[in-house]
$ cat protein.txt   # compact mmCIF, C-alpha atoms and all ligand atoms
# COMPACT_ATOMS: atom_id res chain seq x y z
CA MET D 9 115.31 67.78 105.22
CA HIS D 10 117.47 68.03 102.10
CA ILE D 11 121.28 67.83 102.39
CA PHE D 12 123.65 68.97 99.65
CA TYR D 13 127.39 68.32 99.78
CA THR D 14 130.50 69.00 97.68
CA PRO D 15 132.34 65.79 96.73
CA ASP D 16 135.32 67.71 95.24
CA HIS D 17 136.14 69.65 98.41
CA GLY D 18 139.39 67.67 98.86
CA ARG D 19 141.01 69.63 96.02
CA HIS D 20 141.47 72.42 98.59
CA ALA D 21 143.87 70.89 101.11
CA PRO D 22 146.05 73.44 102.88
CA GLN D 23 149.07 71.94 104.65
CA PHE D 24 149.89 74.64 107.18
CA GLU D 25 149.21 78.16 108.39
CA PHE D 26 151.27 80.78 110.21
CA PHE D 27 150.45 82.02 113.70
CA ASN D 28 152.68 84.66 115.28
CA GLY D 29 155.46 83.78 112.86
CA GLU D 30 155.30 80.05 113.59
CA GLN D 31 154.34 77.48 110.97
CA VAL D 32 151.57 75.24 112.39
CA PRO D 33 149.52 72.44 110.80
CA ALA D 34 146.41 73.59 108.93
CA SER D 35 143.07 73.18 110.76
CA GLU D 36 140.65 73.59 107.84
CA ILE D 37 141.37 70.23 106.18
CA PRO D 38 139.43 67.69 104.02
CA MET D 39 139.19 65.23 106.95
CA ARG D 40 136.60 67.57 108.53
CA LEU D 41 134.01 67.03 105.81
CA GLU D 42 134.97 63.38 105.31
CA GLN D 43 134.08 62.72 108.95
CA ILE D 44 130.77 64.59 108.70
CA LEU D 45 129.77 62.67 105.55
CA ARG D 46 130.79 59.35 107.14
CA VAL D 47 128.47 59.92 110.12
CA LEU D 48 125.57 61.22 107.99
CA ARG D 49 125.83 58.19 105.67
CA ARG D 50 125.93 55.87 108.69
CA GLU D 51 122.72 57.50 109.93
CA ASN D 52 121.12 57.03 106.48
CA TYR D 53 120.62 60.68 105.60
CA PRO D 54 120.14 61.02 101.82
CA LEU D 55 122.96 63.24 100.46
CA THR D 56 122.82 65.14 97.15
CA PRO D 57 126.20 65.92 95.54
CA VAL D 58 126.87 69.27 93.87
CA GLN D 59 129.63 68.79 91.30
CA ASN D 60 132.34 71.16 90.23
CA THR D 61 131.18 72.63 86.93
CA PRO D 62 132.05 75.99 85.34
CA VAL D 63 130.65 78.65 87.65
CA SER D 64 127.07 79.59 86.68
CA LEU D 65 126.22 83.12 85.54
CA VAL D 66 123.69 83.50 88.37
CA LEU D 67 126.31 82.60 90.97
CA LEU D 68 128.83 84.95 89.36
CA ASP D 69 126.27 87.77 89.55
CA LEU D 70 125.64 87.01 93.25
CA LEU D 71 129.40 86.87 93.98
CA ASN D 72 129.96 90.19 92.18
CA THR D 73 127.21 91.73 94.32
CA ILE D 74 128.42 90.57 97.75
CA HIS D 75 132.17 90.85 96.99
CA ALA D 76 134.19 93.52 95.19
CA PRO D 77 134.08 92.59 91.46
CA GLU D 78 137.88 93.25 91.29
CA TYR D 79 138.33 90.44 93.84
CA ILE D 80 136.06 87.96 92.04
CA THR D 81 137.70 88.62 88.66
CA TRP D 82 141.15 88.22 90.22
CA ILE D 83 140.53 85.00 92.18
CA GLN D 84 138.73 83.46 89.20
CA ASN D 85 141.67 84.06 86.87
CA ILE D 86 144.77 83.67 89.00
CA GLN D 87 146.31 80.22 88.63
CA PRO D 88 148.78 79.79 91.51
CA GLU D 89 151.34 77.03 91.05
CA ASN D 90 151.92 76.67 94.81
CA ALA D 91 150.29 77.89 98.01
CA LEU D 92 150.07 81.66 97.67
CA TYR D 93 150.46 83.74 100.83
CA PRO D 94 150.38 87.53 100.95
CA SER D 95 153.74 89.21 101.51
CA VAL D 96 152.44 92.72 102.15
CA PHE D 97 148.90 93.49 103.35
CA ASN D 98 147.39 96.39 101.42
CA ALA D 99 145.45 98.40 103.97
CA SER D 100 145.09 101.44 101.68
CA GLY D 101 141.64 100.42 100.47
CA THR D 102 142.74 100.87 96.84
CA VAL D 103 143.26 97.73 94.77
CA ARG D 104 146.56 97.75 92.85
CA GLN D 105 146.79 95.26 89.99
CA SER D 106 150.53 95.33 89.41
CA GLY D 107 153.16 93.06 90.90
CA HIS D 108 153.88 89.46 91.82
CA PRO D 109 150.85 87.21 92.63
CA SER D 110 151.77 87.28 96.34
CA ILE D 111 151.58 91.07 96.19
CA GLN D 112 148.22 90.98 94.40
CA TRP D 113 146.84 88.56 97.01
CA GLY D 114 147.77 91.22 99.60
CA ASN D 115 145.04 93.44 98.13
CA PHE D 116 142.40 91.04 99.44
CA CYS D 117 143.74 88.54 101.99
CA SER D 118 143.96 89.78 105.58
CA ASP D 119 145.94 87.02 107.37
CA LEU D 120 148.42 84.12 107.07
CA PHE D 121 145.82 81.40 107.74
CA THR D 122 144.26 81.46 104.28
CA PRO D 123 146.57 80.33 101.45
CA LEU D 124 145.37 80.39 97.86
CA LEU D 125 146.09 76.92 96.40
CA PRO D 126 145.95 75.83 92.75
CA ASP D 127 142.43 74.39 93.23
CA THR D 128 141.07 76.77 95.89
CA TRP D 129 138.85 78.55 93.35
CA ALA D 130 137.46 75.20 92.11
CA ALA D 131 136.58 74.07 95.65
CA ALA D 132 135.35 77.44 96.93
CA SER D 133 133.19 78.16 93.88
CA THR D 134 131.68 74.67 94.11
CA MET D 135 130.78 75.27 97.77
CA ALA D 136 129.25 78.63 96.84
CA GLN D 137 127.33 76.93 94.01
CA ALA D 138 126.06 74.28 96.46
CA VAL D 139 124.82 76.96 98.85
CA TYR D 140 123.13 78.83 95.99
CA THR D 141 121.49 75.52 94.98
CA GLY D 142 120.38 75.07 98.59
CA ALA D 143 118.89 78.57 98.70
CA GLU D 144 116.94 77.91 95.48
CA ARG D 145 115.69 74.63 96.96
CA LEU D 146 114.53 76.43 100.12
CA ARG D 147 112.71 79.08 98.10
CA GLU D 148 110.76 76.32 96.29
CA ASN D 149 110.28 74.14 99.42
CA PRO D 150 110.09 76.49 102.40
CA GLN D 151 108.70 73.80 104.71
CA GLU D 152 111.86 71.70 104.28
CA ILE D 153 115.08 72.29 106.25
CA VAL D 154 117.85 72.64 103.64
CA VAL D 155 121.43 71.87 104.67
CA VAL D 156 124.72 72.42 102.82
CA MET D 157 127.75 70.47 104.01
CA GLY D 158 130.88 71.59 102.21
CA ARG D 159 134.14 73.46 102.48
CA PRO D 160 135.98 75.78 102.46
CA PRO D 161 133.84 77.84 104.86
CA GLY D 162 132.78 81.43 104.15
CA HIS D 163 131.73 83.63 107.07
CA HIS D 164 135.08 85.47 107.43
CA ALA D 165 135.02 86.54 103.76
CA GLY D 166 133.91 90.18 103.61
CA ARG D 167 133.21 92.46 100.67
CA SER D 168 136.85 92.94 99.68
CA GLN D 169 138.87 91.52 102.62
CA VAL D 170 138.96 87.74 103.12
CA GLY D 171 140.66 85.43 105.63
CA GLY D 172 140.05 82.97 108.46
CA TYR D 173 140.10 79.96 106.03
CA CYS D 174 137.34 81.65 103.95
CA TYR D 175 137.45 82.83 100.31
CA LEU D 176 133.82 83.29 99.22
CA ASN D 177 131.02 84.08 101.66
CA ASN D 178 128.69 81.14 101.07
CA ALA D 179 126.01 82.22 103.57
CA ALA D 180 126.02 85.69 101.99
CA VAL D 181 125.44 84.16 98.54
CA ALA D 182 122.26 82.56 99.90
CA ALA D 183 121.25 85.69 101.84
CA GLU D 184 121.68 87.91 98.78
CA PHE D 185 119.70 85.48 96.59
CA LEU D 186 116.85 85.00 99.10
CA SER D 187 116.67 88.75 99.88
CA ARG D 188 115.36 89.24 96.34
CA THR D 189 112.24 87.30 97.46
CA GLY D 190 111.88 88.32 101.12
CA SER D 191 113.79 89.61 104.14
CA VAL D 192 116.55 87.41 105.55
CA ALA D 193 118.18 86.84 108.94
CA VAL D 194 121.63 85.26 109.29
CA LEU D 195 122.32 83.62 112.65
CA ASP D 196 126.01 82.78 113.07
CA VAL D 197 126.73 80.24 115.83
CA ASP D 198 130.33 79.48 114.83
CA TYR D 199 132.81 80.01 117.71
CA HIS D 200 134.33 82.91 115.74
CA HIS D 201 132.54 86.16 114.91
CA GLY D 202 131.02 86.18 111.41
CA ASN D 203 132.87 89.34 110.43
CA GLY D 204 132.60 88.81 106.66
CA THR D 205 128.82 88.38 106.74
CA GLN D 206 128.49 91.39 109.06
CA ASP D 207 130.64 93.50 106.70
CA ILE D 208 128.68 92.56 103.57
CA PHE D 209 125.26 93.47 105.02
CA TYR D 210 126.33 96.19 107.49
CA ASP D 211 124.48 99.00 105.67
CA ARG D 212 121.34 96.99 104.82
CA SER D 213 118.07 96.32 106.63
CA ASP D 214 116.78 93.61 104.28
CA VAL D 215 119.42 91.13 105.53
CA ILE D 216 119.87 91.28 109.30
CA THR D 217 122.93 89.66 110.86
CA CYS D 218 123.48 88.25 114.32
CA SER D 219 126.53 86.41 115.69
CA ILE D 220 127.27 84.59 118.98
CA HIS D 221 131.02 84.08 119.45
CA ALA D 222 134.19 84.33 121.50
CA ASP D 223 135.00 87.90 122.53
CA PRO D 224 137.20 89.35 119.74
CA VAL D 225 139.34 90.97 122.40
CA ARG D 226 140.76 87.44 122.89
CA LYS D 227 140.08 85.56 119.68
CA PHE D 228 140.00 85.78 115.89
CA PRO D 229 138.87 87.92 114.01
CA TYR D 230 140.12 90.34 116.74
CA PHE D 231 139.10 93.57 115.00
CA ALA D 232 135.34 93.01 114.72
CA GLY D 233 132.55 91.31 116.66
CA PHE D 234 132.12 93.77 119.51
CA GLU D 235 128.75 94.34 121.11
CA ASP D 236 128.52 97.99 120.04
CA GLU D 237 128.62 97.17 116.29
CA ARG D 238 124.97 97.70 115.33
CA GLY D 239 125.10 98.58 111.60
CA ILE D 240 125.27 101.86 109.66
CA GLU D 241 123.01 103.96 107.41
CA ALA D 242 119.96 101.90 106.32
CA GLY D 243 121.46 99.00 108.28
CA ASP D 244 121.64 100.92 111.57
CA GLY D 245 120.05 98.65 114.19
CA TYR D 246 120.16 95.55 111.97
CA ASN D 247 123.32 93.85 113.25
CA ARG D 248 123.77 92.26 116.69
CA ASN D 249 126.82 90.69 118.32
CA PHE D 250 126.95 88.51 121.42
CA PRO D 251 130.62 88.20 122.49
CA LEU D 252 131.24 85.60 125.19
CA PRO D 253 134.00 84.71 127.69
CA PRO D 254 136.01 81.45 127.59
CA GLY D 255 134.54 78.25 129.04
CA VAL D 256 130.89 78.87 128.08
CA THR D 257 128.72 75.85 129.02
CA ASP D 258 125.45 74.55 127.52
CA GLU D 259 123.53 76.24 130.37
CA GLN D 260 125.29 79.56 129.78
CA TYR D 261 124.93 79.43 125.98
CA GLN D 262 121.20 78.68 125.88
CA PRO D 263 119.90 82.06 127.25
CA VAL D 264 122.23 83.92 124.86
CA LEU D 265 120.84 81.89 121.94
CA GLU D 266 117.30 82.73 123.14
CA SER D 267 118.13 86.47 123.24
CA ALA D 268 119.56 86.30 119.72
CA LEU D 269 116.48 84.46 118.44
CA LYS D 270 114.15 86.88 120.20
CA TRP D 271 115.83 89.75 118.34
CA ILE D 272 115.60 87.87 115.04
CA HIS D 273 111.91 87.07 115.68
CA SER D 274 111.15 90.74 116.43
CA ASN D 275 112.38 91.58 112.91
CA ASN D 276 110.02 89.02 111.32
CA PRO D 277 112.34 87.68 108.58
CA GLN D 278 110.96 85.46 105.83
CA TYR D 279 114.10 83.28 105.71
CA LEU D 280 116.72 82.20 108.25
CA ILE D 281 120.26 81.21 107.34
CA VAL D 282 122.28 79.46 110.04
CA SER D 283 126.07 79.69 109.78
CA LEU D 284 126.80 76.48 111.67
CA GLY D 285 130.23 76.12 113.23
CA VAL D 286 130.75 73.33 115.73
CA ASP D 287 134.06 74.78 116.94
CA THR D 288 132.05 75.71 120.07
CA HIS D 289 132.43 72.05 121.17
CA GLU D 290 134.37 71.29 124.35
CA SER D 291 137.00 69.28 122.43
CA ASP D 292 137.76 71.83 119.72
CA PRO D 293 141.54 72.23 119.37
CA ILE D 294 141.54 75.96 118.45
CA ALA D 295 138.66 77.19 120.64
CA ASP D 296 137.66 77.30 124.33
CA PHE D 297 133.89 76.94 124.73
CA GLN D 298 132.51 73.89 126.56
CA LEU D 299 129.41 72.88 124.58
CA SER D 300 128.48 69.18 124.61
CA THR D 301 127.60 67.04 121.60
CA ALA D 302 124.06 66.58 122.96
CA TYR D 303 123.56 70.35 123.24
CA TYR D 304 123.62 70.81 119.44
CA SER D 305 120.23 69.02 119.28
CA GLN D 306 118.81 71.48 121.80
CA MET D 307 120.32 74.37 119.81
CA ALA D 308 118.53 73.22 116.64
CA GLN D 309 115.28 72.57 118.56
CA THR D 310 115.40 76.13 119.87
CA ILE D 311 116.05 77.55 116.39
CA VAL D 312 113.28 75.49 114.74
CA GLN D 313 110.73 76.88 117.23
CA LEU D 314 110.93 80.20 115.35
CA GLY D 315 109.09 78.51 112.48
CA ILE D 316 111.11 80.35 109.79
CA PRO D 317 112.17 78.56 106.55
CA THR D 318 115.78 77.64 107.32
CA LEU D 319 119.00 76.98 105.40
CA VAL D 320 121.95 75.55 107.35
CA VAL D 321 125.49 76.20 106.01
CA LEU D 322 128.63 74.60 107.44
CA GLU D 323 131.34 76.94 108.70
CA GLY D 324 134.02 75.84 111.25
CA GLY D 325 134.63 72.94 113.66
CA TYR D 326 138.09 71.41 113.94
CA SER D 327 137.84 68.41 116.21
CA THR D 328 137.86 65.75 113.50
CA ASP D 329 137.06 63.00 116.06
CA VAL D 330 133.62 64.41 116.90
CA ILE D 331 132.76 66.89 114.13
CA GLY D 332 130.44 64.32 112.49
CA ASP D 333 128.65 63.52 115.76
CA ASN D 334 128.21 67.23 116.51
CA VAL D 335 126.71 68.00 113.10
CA ALA D 336 124.49 64.88 113.31
CA SER D 337 123.31 65.96 116.77
CA PHE D 338 122.40 69.39 115.38
CA LEU D 339 120.48 67.92 112.42
CA ALA D 340 118.65 65.47 114.72
CA GLY D 341 117.26 68.51 116.58
CA PHE D 342 115.17 69.39 113.50
CA ASN D 343 113.34 66.04 113.65
CA GLN D 344 113.25 65.80 109.83
CA ARG D 345 114.77 63.29 107.46
N1 LIG M 401 146.27 78.39 114.70
C1 LIG M 401 136.51 79.43 110.91
O1 LIG M 401 136.15 78.84 111.92
N2 LIG M 401 142.84 81.33 113.91
N3 LIG M 401 137.65 80.12 110.85
C2 LIG M 401 143.95 80.45 113.73
C3 LIG M 401 145.08 78.93 115.32
C4 LIG M 401 142.03 81.47 112.73
C5 LIG M 401 138.51 80.22 112.00
C6 LIG M 401 144.83 80.38 114.94
C7 LIG M 401 140.63 80.97 112.99
C8 LIG M 401 139.76 81.02 111.76
C9 LIG M 401 135.68 79.35 109.66
ZN ZN M 402 135.10 79.26 113.62
$ encode --input "protein.txt" --output "structure tokens"
Amino acid sequence: MHIFYTPDHGRHAPQFEFFNGEQVPASEIPMRLEQILRVLRRENYPLTPVQNTPVSLVLLDLLNTIHAPEYITWIQNIQPENALYPSVFNASGTVRQSGHPSIQWGNFCSDLFTPLLPDTWAAASTMAQAVYTGAERLRENPQEIVVVMGRPPGHHAGRSQVGGYCYLNNAAVAAEFLSRTGSVAVLDVDYHHGNGTQDIFYDRSDVITCSIHADPVRKFPYFAGFEDERGIEAGDGYNRNFPLPPGVTDEQYQPVLESALKWIHSNNPQYLIVSLGVDTHESDPIADFQLSTAYYSQMAQTIVQLGIPTLVVLEGGYSTDVIGDNVASFLAGFNQR
């Protein structure tokens, strides 16, 4: 196993978010990764830092492929002085460059959970760089499980609409890079539907996408993640969603995971990317599944039985008391150091 992490993640530290007009404390905070790293160090996992350096040309090319280039150019150059929230959401589908920064952010940001801070680009591009580095490592060492622990997360960042605490789709960076060598499957086990990843690969068959999550009829991202979303054009038949009711237990989750993996196996991908969110845990403050810490080992054991070269990327998980134990339980399921 090889674990990369992003030591500079703390530069992105949102203070609050808005839900239904109310200001509430932010959930996607530096303490999450600090707790994960504390537990992994305690358990003597070697950790490789990926530093914040000017974004590499290869990463920029990958970002411009998976996201609208207008978005990447904008987020790379905007230098907000304070937390930037959209004031008006542009649903027209046409990017308009004029106006105040909060108006420009409305071209791309889809909610009030995802502020753009002065150092968001630095942190998000470093996480994307770490995941790209992980994907390269996996391509050279396919027998090794490669893990990237960093933040901010990415799976809600779509081609040109971002949100849900996500700015750049890290898993999609890896999927796009690896798809140039062989076909890729993305398995998203975060509590929330991986709508950004689905969006980016929706019309493609060389990257198949599969998400197990809370029914969007009840939970974020609300407008995507339904069972009947199967892909379009060349991607028709290459996306699967498994929406679930509240209160899902280990015993109820396991057969759903097996169905998802059976579908992935039937497509014979050369690489597997796991979008790992541990917000499915019973103690998560913003979610309502009932998975136990011990179950994450079984989840990983089930995934590793596929025998596909695997990259694990951190997404959500907001119970800072147990997030480290949950991630460590998952990694222990691979039986690799
Ligand atoms: N105040 C990820 O897990 N809902 N994003 C906020 C609670 C937004 C989750 C409502 C959830 C976004 C990466
Ligand atoms: Zn989530």
$ residues_near_ligand --input "protein.txt" --ligand "ligand LIG 401 (chain M)" --cutoff "6 Å" --atoms "only C-alpha atoms and all ligand atoms" --output "MDAnalysis selection string"
chainID D and resid 27 161 172:173 200 228 294 323:324
$ residues_around --input "protein.txt" --residues "D:Asp127" --least-positions-apart "6" --cutoff "9 Å" --atoms "all atoms listed in the file" --output "VMD selection string"
chain D and resid 19 to 21 87 to 88
$ residues_near_ligand --input "protein.txt" --ligand "ligand ZN 402 (chain M)" --cutoff "8 Å" --atoms "all atoms listed in the file" --output "ChimeraX atom specification"
/D:198-201,285-288,323-325
$ write_last_selection --input "protein.txt" --atoms "C-alpha atoms" --output "tab-separated table (two decimals), keeping the file's coordinate frame"
chain	number	residue	atom	x	y	z
D	198	ASP	CA	130.33	79.48	114.83
D	199	TYR	CA	132.81	80.01	117.71
D	200	HIS	CA	134.33	82.91	115.74
D	201	HIS	CA	132.54	86.16	114.91
D	285	GLY	CA	130.23	76.12	113.23
D	286	VAL	CA	130.75	73.33	115.73
D	287	ASP	CA	134.06	74.78	116.94
D	288	THR	CA	132.05	75.71	120.07
D	323	GLU	CA	131.34	76.94	108.70
D	324	GLY	CA	134.02	75.84	111.25
D	325	GLY	CA	134.63	72.94	113.66
$ residues_around --input "protein.txt" --residues "D:Asp196" --least-positions-apart "4" --cutoff "7 Å" --atoms "all atoms listed in the file" --output "PyMOL selection string"
chain D and resi 202+218-220+282-284
$ closest_residue --input "protein.txt" --among "D:Val320, D:Val335, D:Val192, D:Leu186" --to "D:Leu45" --atoms "all atoms listed in the file"
D:Val335
$ closest_residue --input "protein.txt" --among "D:Glu235, D:Tyr93, D:Leu314, D:Gln43" --to "D:Glu266" --atoms "all atoms listed in the file"
D:Leu314
$ closest_residue --input "protein.txt" --among "D:Ile111, D:Val58, D:Ala193, D:Val181" --to "D:Ala143" --atoms "all atoms listed in the file"
D:Val181
$ residues_around --input "protein.txt" --residues "D:Thr318" --least-positions-apart "5" --cutoff "8 Å" --atoms "only C-alpha atoms" --output "VMD selection string"
chain D and resid 146 150 152 to 154 279 to 282
$ write_last_selection --input "protein.txt" --atoms "C-alpha atoms" --output "PDB file, in the frame of the given file"
ATOM      1  CA  LEU D 146     114.530  76.430 100.120  1.00  0.00           C
ATOM      2  CA  PRO D 150     110.090  76.490 102.400  1.00  0.00           C
ATOM      3  CA  GLU D 152     111.860  71.700 104.280  1.00  0.00           C
ATOM      4  CA  ILE D 153     115.080  72.290 106.250  1.00  0.00           C
ATOM      5  CA  VAL D 154     117.850  72.640 103.640  1.00  0.00           C
ATOM      6  CA  TYR D 279     114.100  83.280 105.710  1.00  0.00           C
ATOM      7  CA  LEU D 280     116.720  82.200 108.250  1.00  0.00           C
ATOM      8  CA  ILE D 281     120.260  81.210 107.340  1.00  0.00           C
ATOM      9  CA  VAL D 282     122.280  79.460 110.040  1.00  0.00           C
TER      10      VAL D 282
END
$ residues_around --input "protein.txt" --residues "D:Gly107" --least-positions-apart "5" --cutoff "12 Å" --atoms "all atoms listed in the file" --output "ChimeraX atom specification"
/D:94-96,112-115
$ closest_residue --input "protein.txt" --among "D:Gly166, D:His10, D:Asn343, D:Leu48" --to "D:Cys117" --atoms "all atoms listed in the file"
D:Gly166
$ residues_around --input "protein.txt" --residues "D:Ser305" --least-positions-apart "5" --cutoff "7 Å" --atoms "all atoms listed in the file" --output "short mmCIF file (atom, residue, chain, number, x, y, z; two decimals) with C-alpha atoms, in the coordinates of the input"
data_model
loop_
_atom_site.label_atom_id
_atom_site.label_comp_id
_atom_site.auth_asym_id
_atom_site.auth_seq_id
_atom_site.Cartn_x
_atom_site.Cartn_y
_atom_site.Cartn_z
CA SER D 337 123.31 65.96 116.77
CA PHE D 338 122.40 69.39 115.38
CA LEU D 339 120.48 67.92 112.42
CA ALA D 340 118.65 65.47 114.72
CA GLY D 341 117.26 68.51 116.58
#
$ atom_distance --input "protein.txt" --atom1 "atom CA of D:Glu148" --atom2 "atom CA of D:Ser213"
23.7 Å
$ atom_distance --input "protein.txt" --atom1 "atom CA of D:Arg40" --atom2 "atom CA of D:Pro126"
20.1 Å
$ atom_distance --input "protein.txt" --atom1 "atom CA of D:Glu51" --atom2 "atom CA of D:Tyr304"
16.4 Å
$ closest_residue --input "protein.txt" --among "D:Gln169, D:Thr128, D:Ser35, D:Ser133" --to "D:Ser64" --atoms "only C-alpha atoms"
D:Ser133
$ residues_near_point --input "protein.txt" --point "(132.4, 72.1, 95.2)" --cutoff "6 Å" --atoms "all atoms listed in the file" --output "short mmCIF file (atom, residue, chain, number, x, y, z; two decimals) with C-alpha atoms, keeping the file's coordinate frame"
data_model
loop_
_atom_site.label_atom_id
_atom_site.label_comp_id
_atom_site.auth_asym_id
_atom_site.auth_seq_id
_atom_site.Cartn_x
_atom_site.Cartn_y
_atom_site.Cartn_z
CA THR D 14 130.50 69.00 97.68
CA ASP D 16 135.32 67.71 95.24
CA HIS D 17 136.14 69.65 98.41
CA GLN D 59 129.63 68.79 91.30
CA ASN D 60 132.34 71.16 90.23
CA ALA D 131 136.58 74.07 95.65
CA THR D 134 131.68 74.67 94.11
CA MET D 135 130.78 75.27 97.77
#
$ closest_residue --input "protein.txt" --among "D:Ile208, D:Val194, D:Leu269, D:Val47" --to "D:Ser168" --atoms "only C-alpha atoms"
D:Ile208
